[in-house]
Protein chains: 2
Amino acid sequence: VFTAEILSVGDELLIGKTTNTNLTWLSGQLTHLGGIVRRGLTVRDEISEISEALTLILGRKPDAVIISGGLGPTFDDKTLQGIAHNLGLCLRVDRRALDLVKERVGELNPGRLKMAHLPEGSRALRNPKGTAPGVYLTVGKVHLFALPGVPSEMRAIFKNSVVSLLGKELPLGFFYEASLLSSGIPESKMAPIISEGMAQFPEVYIKSHPLGMEKGRPKIILHITSQTNEVAVQEAREMLRARVKRSGGIVASP
Amino acid sequence: VFTAEILSVGDELLIGKTTNTNLTWLSGQLTHLGGIVRRGLTVRDEISEISEALTLILGRKPDAVIISGGLGPTFDDKTLQGIAHNLGLCLRVDRRALDLVKERVGELNPGRLKMAHLPEGSRALRNPKGTAPGVYLTVGKVHLFALPGVPSEMRAIFKNSVVSLLGKELPLGFFYEASLLSSGIPESKMAPIISEGMAQFPEVYIKSHPLGMEKGRPKIILHITSQTNEVAVQEAREMLRARVKRSGGIVASP
């Protein structure tokens, strides 16, 4: 099993200003690559908070840690300081990071120079959509990546660099899923149907997501997944469809 | 200072299926009530993960903990089991919770009965939008709330019960904010302008959110906040507006 933990850095995520879509996207990518995202942590722009979060995460010995946010040029971008503090590393001008920054912007200034200060021993990752390079470090056996918080930049560096750097660490990347929309069966009556499905298909995981009432009928999405068996996912979906109908519900594809 | 930590429970948040808008909404509410949300944690539907997260959170001695998700009738709704395990409490049928469940649905079944099993010593909170009651517990001086993951239910219980139960613990609830949209100034050149603003207005916090390029001009939102001084927020906004213009940028209201 390939496990990952995600650390999101930014006050904006903890004052109600910004919704953390980076966690959703990164979780989806890692899951579809065959990994399991075990935990997500969101912290403020404080060196002590970033460092304490890293201690917790590294203590769980994941295969990979993906950090997003806090790589920019302003004083409150503190992710690399937090990493350096936690690991007892210096921050210093990284030649490759400096070249990457200069490639994007002509002249240097203190903010741009700040983005080229990396923890010693790390590798700068090209940012095709912005100025702040991504950062890659190994901590023992853990692959640690720090990516910008701007979604387009984070996604581009993940696709261009992170996936290939993880390379052979990644499992083969199977993740099968199917969904079913049920109407007319309340969640508490769905519970035994789900248990029955999971007993019958042990490689399959079934989860219900209640959507509330529509015209007096409870609507529920059933999400059926497996990391091993594609056929079982489809068979489980057919079994659930039949059971929901037999209980008086209506089924559709969501 | 009133501090809060938020725990989000649900596999769907860690496989890329669902974006955690509950964290955004709860953070916004608590911030506007005058609190500070110090950290958000997202875990899977596992008793050990929920319990371990609670240990971490309670160790930080926040004034309040808000948990969302995992209160439903299905086998993978494990939040109350996680709380009970962590605090060494039994789960048992709670009379008030049972009444609340019965009020919403006529007949009982195992799933519905499950939702009325609360950790001993807790208080059931009416759910005006669904069946699963919310749960309120005090752990030493910490106010702990478990709310459903369905956003409409979570929001209704927060507004109807959580705010009044926190009552006099809450500060007066000041949170002032203003924003400014700047175009034509790159983030690295904005950094010294922000530092200048924060030096001039010590009660004010200024954060830049880069939005990427538009027609070759970098766009940045400046977010100006204070929990103490409304006038300073407006003055800082005017000062930033003038400084951005003087540096050749264009300003607008976002």
# chains A, B, ... in the order shown; residues from 1 in each chain; ligands from 1
call {"tool": "interface_residues", "arguments": {"of": "chain A", "to": "chain B", "cutoff": "8 Å", "atoms": "only C-alpha atoms", "output": "PDB file with N, CA, C and O atoms, in the first residue's frame"}}
result
ATOM      1  N   LEU A  13      -7.694  29.470   4.508  1.00  0.00           N
ATOM      2  CA  LEU A  13      -8.468  28.222   4.601  1.00  0.00           C
ATOM      3  C   LEU A  13      -9.152  28.086   5.956  1.00  0.00           C
ATOM      4  O   LEU A  13     -10.034  27.250   6.129  1.00  0.00           O
ATOM      5  N   LEU A  14      -8.714  28.893   6.944  1.00  0.00           N
ATOM      6  CA  LEU A  14      -9.236  28.758   8.307  1.00  0.00           C
ATOM      7  C   LEU A  14     -10.005  29.991   8.771  1.00  0.00           C
ATOM      8  O   LEU A  14     -10.301  30.145   9.961  1.00  0.00           O
ATOM      9  N   ILE A  15     -10.319  30.885   7.834  1.00  0.00           N
ATOM     10  CA  ILE A  15     -11.180  32.021   8.183  1.00  0.00           C
ATOM     11  C   ILE A  15     -12.427  32.041   7.298  1.00  0.00           C
ATOM     12  O   ILE A  15     -13.197  32.990   7.331  1.00  0.00           O
ATOM     13  N   GLY A  16     -12.611  30.996   6.505  1.00  0.00           N
ATOM     14  CA  GLY A  16     -13.824  30.919   5.693  1.00  0.00           C
ATOM     15  C   GLY A  16     -13.703  31.627   4.356  1.00  0.00           C
ATOM     16  O   GLY A  16     -14.687  31.769   3.640  1.00  0.00           O
ATOM     17  N   LYS A  17     -12.512  32.061   4.013  1.00  0.00           N
ATOM     18  CA  LYS A  17     -12.345  32.815   2.761  1.00  0.00           C
ATOM     19  C   LYS A  17     -12.186  31.899   1.546  1.00  0.00           C
ATOM     20  O   LYS A  17     -12.703  32.177   0.475  1.00  0.00           O
ATOM     21  N   THR A  18     -11.432  30.817   1.721  1.00  0.00           N
ATOM     22  CA  THR A  18     -11.110  29.947   0.592  1.00  0.00           C
ATOM     23  C   THR A  18     -11.460  28.504   0.938  1.00  0.00           C
ATOM     24  O   THR A  18     -11.162  28.038   2.031  1.00  0.00           O
ATOM     25  N   THR A  19     -12.087  27.794   0.002  1.00  0.00           N
ATOM     26  CA  THR A  19     -12.371  26.372   0.181  1.00  0.00           C
ATOM     27  C   THR A  19     -11.183  25.570  -0.346  1.00  0.00           C
ATOM     28  O   THR A  19     -10.615  25.892  -1.382  1.00  0.00           O
ATOM     29  N   ASN A  20     -10.814  24.553   0.391  1.00  0.00           N
ATOM     30  CA  ASN A  20      -9.606  23.790   0.067  1.00  0.00           C
ATOM     31  C   ASN A  20      -9.846  22.789  -1.062  1.00  0.00           C
ATOM     32  O   ASN A  20      -9.933  21.583  -0.835  1.00  0.00           O
ATOM     33  N   THR A  21      -9.905  23.303  -2.281  1.00  0.00           N
ATOM     34  CA  THR A  21     -10.072  22.398  -3.422  1.00  0.00           C
ATOM     35  C   THR A  21      -8.767  21.661  -3.738  1.00  0.00           C
ATOM     36  O   THR A  21      -8.798  20.635  -4.413  1.00  0.00           O
ATOM     37  N   LEU A  23      -6.979  20.004  -1.631  1.00  0.00           N
ATOM     38  CA  LEU A  23      -7.058  18.702  -0.964  1.00  0.00           C
ATOM     39  C   LEU A  23      -7.904  17.740  -1.792  1.00  0.00           C
ATOM     40  O   LEU A  23      -7.548  16.573  -1.973  1.00  0.00           O
ATOM     41  N   THR A  24      -9.029  18.224  -2.295  1.00  0.00           N
ATOM     42  CA  THR A  24      -9.888  17.371  -3.121  1.00  0.00           C
ATOM     43  C   THR A  24      -9.122  16.865  -4.339  1.00  0.00           C
ATOM     44  O   THR A  24      -9.112  15.663  -4.631  1.00  0.00           O
ATOM     45  N   TRP A  25      -8.481  17.781  -5.040  1.00  0.00           N
ATOM     46  CA  TRP A  25      -7.800  17.407  -6.287  1.00  0.00           C
ATOM     47  C   TRP A  25      -6.637  16.452  -6.014  1.00  0.00           C
ATOM     48  O   TRP A  25      -6.506  15.410  -6.673  1.00  0.00           O
ATOM     49  N   LEU A  26      -5.803  16.794  -5.034  1.00  0.00           N
ATOM     50  CA  LEU A  26      -4.647  15.933  -4.721  1.00  0.00           C
ATOM     51  C   LEU A  26      -5.110  14.552  -4.256  1.00  0.00           C
ATOM     52  O   LEU A  26      -4.536  13.526  -4.634  1.00  0.00           O
ATOM     53  N   SER A  27      -6.163  14.511  -3.428  1.00  0.00           N
ATOM     54  CA  SER A  27      -6.692  13.223  -2.964  1.00  0.00           C
ATOM     55  C   SER A  27      -7.166  12.381  -4.140  1.00  0.00           C
ATOM     56  O   SER A  27      -6.920  11.171  -4.187  1.00  0.00           O
ATOM     57  N   GLY A  28      -7.861  13.030  -5.065  1.00  0.00           N
ATOM     58  CA  GLY A  28      -8.360  12.311  -6.237  1.00  0.00           C
ATOM     59  C   GLY A  28      -7.209  11.751  -7.065  1.00  0.00           C
ATOM     60  O   GLY A  28      -7.220  10.587  -7.471  1.00  0.00           O
ATOM     61  N   GLN A  29      -6.195  12.582  -7.311  1.00  0.00           N
ATOM     62  CA  GLN A  29      -5.049  12.131  -8.105  1.00  0.00           C
ATOM     63  C   GLN A  29      -4.342  10.956  -7.432  1.00  0.00           C
ATOM     64  O   GLN A  29      -4.055   9.938  -8.059  1.00  0.00           O
ATOM     65  N   LEU A  30      -4.047  11.099  -6.157  1.00  0.00           N
ATOM     66  CA  LEU A  30      -3.293  10.054  -5.455  1.00  0.00           C
ATOM     67  C   LEU A  30      -4.099   8.765  -5.365  1.00  0.00           C
ATOM     68  O   LEU A  30      -3.558   7.663  -5.486  1.00  0.00           O
ATOM     69  N   THR A  31      -5.414   8.901  -5.166  1.00  0.00           N
ATOM     70  CA  THR A  31      -6.276   7.718  -5.100  1.00  0.00           C
ATOM     71  C   THR A  31      -6.287   6.999  -6.444  1.00  0.00           C
ATOM     72  O   THR A  31      -6.155   5.773  -6.501  1.00  0.00           O
ATOM     73  N   ILE A  36      -3.352   5.682  -1.014  1.00  0.00           N
ATOM     74  CA  ILE A  36      -4.378   5.956  -0.018  1.00  0.00           C
ATOM     75  C   ILE A  36      -3.978   7.227   0.714  1.00  0.00           C
ATOM     76  O   ILE A  36      -2.892   7.301   1.296  1.00  0.00           O
ATOM     77  N   VAL A  37      -4.850   8.246   0.655  1.00  0.00           N
ATOM     78  CA  VAL A  37      -4.589   9.463   1.421  1.00  0.00           C
ATOM     79  C   VAL A  37      -5.168   9.242   2.813  1.00  0.00           C
ATOM     80  O   VAL A  37      -6.370   9.075   2.974  1.00  0.00           O
ATOM     81  N   ARG A  38      -4.294   9.196   3.802  1.00  0.00           N
ATOM     82  CA  ARG A  38      -4.733   8.814   5.135  1.00  0.00           C
ATOM     83  C   ARG A  38      -5.246   9.982   5.948  1.00  0.00           C
ATOM     84  O   ARG A  38      -6.097   9.808   6.816  1.00  0.00           O
ATOM     85  N   ARG A  39      -4.700  11.159   5.721  1.00  0.00           N
ATOM     86  CA  ARG A  39      -5.142  12.285   6.547  1.00  0.00           C
ATOM     87  C   ARG A  39      -4.830  13.595   5.854  1.00  0.00           C
ATOM     88  O   ARG A  39      -3.853  13.701   5.110  1.00  0.00           O
ATOM     89  N   GLY A  40      -5.651  14.590   6.094  1.00  0.00           N
ATOM     90  CA  GLY A  40      -5.397  15.940   5.622  1.00  0.00           C
ATOM     91  C   GLY A  40      -5.309  16.865   6.814  1.00  0.00           C
ATOM     92  O   GLY A  40      -6.062  16.713   7.777  1.00  0.00           O
ATOM     93  N   LEU A  41      -4.377  17.792   6.757  1.00  0.00           N
ATOM     94  CA  LEU A  41      -4.180  18.706   7.876  1.00  0.00           C
ATOM     95  C   LEU A  41      -4.143  20.105   7.292  1.00  0.00           C
ATOM     96  O   LEU A  41      -3.519  20.325   6.253  1.00  0.00           O
ATOM     97  N   THR A  42      -4.835  21.034   7.912  1.00  0.00           N
ATOM     98  CA  THR A  42      -4.838  22.423   7.439  1.00  0.00           C
ATOM     99  C   THR A  42      -4.340  23.306   8.564  1.00  0.00           C
ATOM    100  O   THR A  42      -4.886  23.251   9.671  1.00  0.00           O
ATOM    101  N   VAL A  43      -3.293  24.071   8.294  1.00  0.00           N
ATOM    102  CA  VAL A  43      -2.717  24.910   9.350  1.00  0.00           C
ATOM    103  C   VAL A  43      -2.565  26.355   8.883  1.00  0.00           C
ATOM    104  O   VAL A  43      -2.634  26.646   7.697  1.00  0.00           O
ATOM    105  N   ARG A  44      -2.344  27.221   9.845  1.00  0.00           N
ATOM    106  CA  ARG A  44      -2.162  28.649   9.570  1.00  0.00           C
ATOM    107  C   ARG A  44      -0.741  28.942   9.108  1.00  0.00           C
ATOM    108  O   ARG A  44       0.149  28.102   9.216  1.00  0.00           O
ATOM    109  N   GLY A  72       5.089  31.518  -1.752  1.00  0.00           N
ATOM    110  CA  GLY A  72       5.190  32.776  -2.486  1.00  0.00           C
ATOM    111  C   GLY A  72       6.214  33.749  -1.922  1.00  0.00           C
ATOM    112  O   GLY A  72       6.980  33.416  -1.018  1.00  0.00           O
ATOM    113  N   PRO A  73       6.199  34.984  -2.454  1.00  0.00           N
ATOM    114  CA  PRO A  73       7.233  35.951  -2.095  1.00  0.00           C
ATOM    115  C   PRO A  73       6.927  36.768  -0.854  1.00  0.00           C
ATOM    116  O   PRO A  73       7.797  37.521  -0.406  1.00  0.00           O
ATOM    117  N   THR A  74       5.710  36.669  -0.293  1.00  0.00           N
ATOM    118  CA  THR A  74       5.390  37.585   0.810  1.00  0.00           C
ATOM    119  C   THR A  74       5.800  37.006   2.165  1.00  0.00           C
ATOM    120  O   THR A  74       6.061  35.817   2.308  1.00  0.00           O
ATOM    121  N   PHE A  75       5.855  37.900   3.145  1.00  0.00           N
ATOM    122  CA  PHE A  75       6.336  37.547   4.486  1.00  0.00           C
ATOM    123  C   PHE A  75       5.542  36.403   5.109  1.00  0.00           C
ATOM    124  O   PHE A  75       6.041  35.671   5.947  1.00  0.00           O
ATOM    125  N   ASP A  76       4.252  36.284   4.721  1.00  0.00           N
ATOM    126  CA  ASP A  76       3.443  35.235   5.347  1.00  0.00           C
ATOM    127  C   ASP A  76       3.478  33.915   4.573  1.00  0.00           C
ATOM    128  O   ASP A  76       2.720  33.002   4.872  1.00  0.00           O
ATOM    129  N   ASN A 109      14.145  40.631  -7.206  1.00  0.00           N
ATOM    130  CA  ASN A 109      13.923  41.570  -6.097  1.00  0.00           C
ATOM    131  C   ASN A 109      13.836  40.704  -4.843  1.00  0.00           C
ATOM    132  O   ASN A 109      13.884  39.461  -4.951  1.00  0.00           O
ATOM    133  N   PRO A 110      13.724  41.295  -3.653  1.00  0.00           N
ATOM    134  CA  PRO A 110      13.798  40.450  -2.441  1.00  0.00           C
ATOM    135  C   PRO A 110      12.758  39.328  -2.408  1.00  0.00           C
ATOM    136  O   PRO A 110      13.063  38.200  -2.014  1.00  0.00           O
ATOM    137  N   GLY A 111      11.526  39.622  -2.846  1.00  0.00           N
ATOM    138  CA  GLY A 111      10.474  38.601  -2.833  1.00  0.00           C
ATOM    139  C   GLY A 111      10.806  37.427  -3.751  1.00  0.00           C
ATOM    140  O   GLY A 111      10.570  36.260  -3.417  1.00  0.00           O
ATOM    141  N   ARG A 112      11.352  37.746  -4.925  1.00  0.00           N
ATOM    142  CA  ARG A 112      11.690  36.681  -5.879  1.00  0.00           C
ATOM    143  C   ARG A 112      12.891  35.879  -5.399  1.00  0.00           C
ATOM    144  O   ARG A 112      12.966  34.662  -5.604  1.00  0.00           O
ATOM    145  N   GLY A 130       3.710  29.577 -12.964  1.00  0.00           N
ATOM    146  CA  GLY A 130       3.944  30.698 -12.051  1.00  0.00           C
ATOM    147  C   GLY A 130       5.408  30.778 -11.675  1.00  0.00           C
ATOM    148  O   GLY A 130       6.245  30.069 -12.243  1.00  0.00           O
ATOM    149  N   VAL A 150      -1.620  28.176  -5.291  1.00  0.00           N
ATOM    150  CA  VAL A 150      -2.451  28.533  -6.459  1.00  0.00           C
ATOM    151  C   VAL A 150      -2.764  27.234  -7.214  1.00  0.00           C
ATOM    152  O   VAL A 150      -1.844  26.522  -7.641  1.00  0.00           O
ATOM    153  N   GLU A 187     -31.894   6.540   4.504  1.00  0.00           N
ATOM    154  CA  GLU A 187     -30.547   6.025   4.734  1.00  0.00           C
ATOM    155  C   GLU A 187     -30.552   4.847   5.718  1.00  0.00           C
ATOM    156  O   GLU A 187     -29.781   3.909   5.558  1.00  0.00           O
ATOM    157  N   SER A 188     -31.415   4.917   6.708  1.00  0.00           N
ATOM    158  CA  SER A 188     -31.398   3.841   7.706  1.00  0.00           C
ATOM    159  C   SER A 188     -31.874   2.513   7.117  1.00  0.00           C
ATOM    160  O   SER A 188     -31.500   1.442   7.595  1.00  0.00           O
ATOM    161  N   LYS A 189     -32.711   2.568   6.062  1.00  0.00           N
ATOM    162  CA  LYS A 189     -33.134   1.325   5.404  1.00  0.00           C
ATOM    163  C   LYS A 189     -32.118   0.886   4.363  1.00  0.00           C
ATOM    164  O   LYS A 189     -32.102  -0.255   3.916  1.00  0.00           O
ATOM    165  N   MET A 190     -31.270   1.857   3.944  1.00  0.00           N
ATOM    166  CA  MET A 190     -30.224   1.521   2.990  1.00  0.00           C
ATOM    167  C   MET A 190     -29.085   0.774   3.689  1.00  0.00           C
ATOM    168  O   MET A 190     -28.382  -0.033   3.071  1.00  0.00           O
ATOM    169  N   ALA A 191     -28.900   1.050   4.998  1.00  0.00           N
ATOM    170  CA  ALA A 191     -27.765   0.483   5.733  1.00  0.00           C
ATOM    171  C   ALA A 191     -27.659  -1.036   5.591  1.00  0.00           C
ATOM    172  O   ALA A 191     -26.586  -1.558   5.252  1.00  0.00           O
ATOM    173  N   SER A 195     -24.649  -3.282   3.775  1.00  0.00           N
ATOM    174  CA  SER A 195     -23.929  -4.348   4.491  1.00  0.00           C
ATOM    175  C   SER A 195     -23.976  -5.651   3.704  1.00  0.00           C
ATOM    176  O   SER A 195     -22.969  -6.371   3.582  1.00  0.00           O
ATOM    177  N   LYS A 207     -20.316   3.108  -0.126  1.00  0.00           N
ATOM    178  CA  LYS A 207     -20.592   4.194   0.810  1.00  0.00           C
ATOM    179  C   LYS A 207     -21.821   4.961   0.348  1.00  0.00           C
ATOM    180  O   LYS A 207     -22.002   5.201  -0.841  1.00  0.00           O
ATOM    181  N   SER A 208     -22.661   5.346   1.285  1.00  0.00           N
ATOM    182  CA  SER A 208     -23.861   6.110   0.928  1.00  0.00           C
ATOM    183  C   SER A 208     -23.661   7.588   1.227  1.00  0.00           C
ATOM    184  O   SER A 208     -23.067   7.946   2.244  1.00  0.00           O
ATOM    185  N   PRO A 210     -26.116  10.715   1.556  1.00  0.00           N
ATOM    186  CA  PRO A 210     -27.487  11.236   1.501  1.00  0.00           C
ATOM    187  C   PRO A 210     -27.508  12.637   0.902  1.00  0.00           C
ATOM    188  O   PRO A 210     -26.670  13.472   1.224  1.00  0.00           O
ATOM    189  N   LEU A 211     -28.456  12.877  -0.006  1.00  0.00           N
ATOM    190  CA  LEU A 211     -28.572  14.187  -0.657  1.00  0.00           C
ATOM    191  C   LEU A 211     -29.751  14.978  -0.126  1.00  0.00           C
ATOM    192  O   LEU A 211     -30.072  16.037  -0.645  1.00  0.00           O
ATOM    193  N   GLY A 212     -30.430  14.447   0.886  1.00  0.00           N
ATOM    194  CA  GLY A 212     -31.605  15.144   1.408  1.00  0.00           C
ATOM    195  C   GLY A 212     -32.870  14.669   0.717  1.00  0.00           C
ATOM    196  O   GLY A 212     -32.875  13.671  -0.002  1.00  0.00           O
TER     197      GLY A 212
END
call {"tool": "select_by_dssp", "arguments": {"residues": "stretch 64-138 of chain A", "states": "helix (DSSP H, G or I)", "output": "ChimeraX atom specification"}}
result
/A:79-87,95-104,110-114
call {"tool": "residues_around", "arguments": {"residues": "B:Gln227", "least_positions_apart": "3", "cutoff": "12 Å", "atoms": "only C-alpha atoms", "output": "PyMOL selection string"}}
result
(chain A and resi 15) or (chain B and resi 1-2+31-36+171-177+202-205+224+230-233)
call {"tool": "closest_residue", "arguments": {"among": "B:Met239, B:Ile220, B:Gly167, B:Lys61", "to": "B:Ser183", "atoms": "only C-alpha atoms"}}
result
B:Ile220
call {"tool": "atom_distance", "arguments": {"atom1": "atom CA of B:Lys215", "atom2": "atom CA of A:Ala116"}}
result
26.3 Å
call {"tool": "decode", "arguments": {"residues": "stretch 106-118 of chain B", "atoms": "C-alpha atoms", "output": "PDB file, in the first residue's frame"}}
result
ATOM      1  CA  GLY B 106     -42.176   7.180  12.428  1.00  0.00           C
ATOM      2  CA  GLU B 107     -40.844   3.704  12.954  1.00  0.00           C
ATOM      3  CA  LEU B 108     -37.470   2.723  14.397  1.00  0.00           C
ATOM      4  CA  ASN B 109     -35.017   0.326  12.766  1.00  0.00           C
ATOM      5  CA  PRO B 110     -31.417  -0.616  13.641  1.00  0.00           C
ATOM      6  CA  GLY B 111     -29.901   2.290  11.701  1.00  0.00           C
ATOM      7  CA  ARG B 112     -32.186   4.820  13.354  1.00  0.00           C
ATOM      8  CA  LEU B 113     -31.588   3.332  16.778  1.00  0.00           C
ATOM      9  CA  LYS B 114     -27.838   3.638  16.129  1.00  0.00           C
ATOM     10  CA  MET B 115     -28.232   7.412  15.743  1.00  0.00           C
ATOM     11  CA  ALA B 116     -29.716   7.588  19.251  1.00  0.00           C
ATOM     12  CA  HIS B 117     -26.690   5.864  20.860  1.00  0.00           C
ATOM     13  CA  LEU B 118     -24.684   8.725  22.354  1.00  0.00           C
TER      14      LEU B 118
END
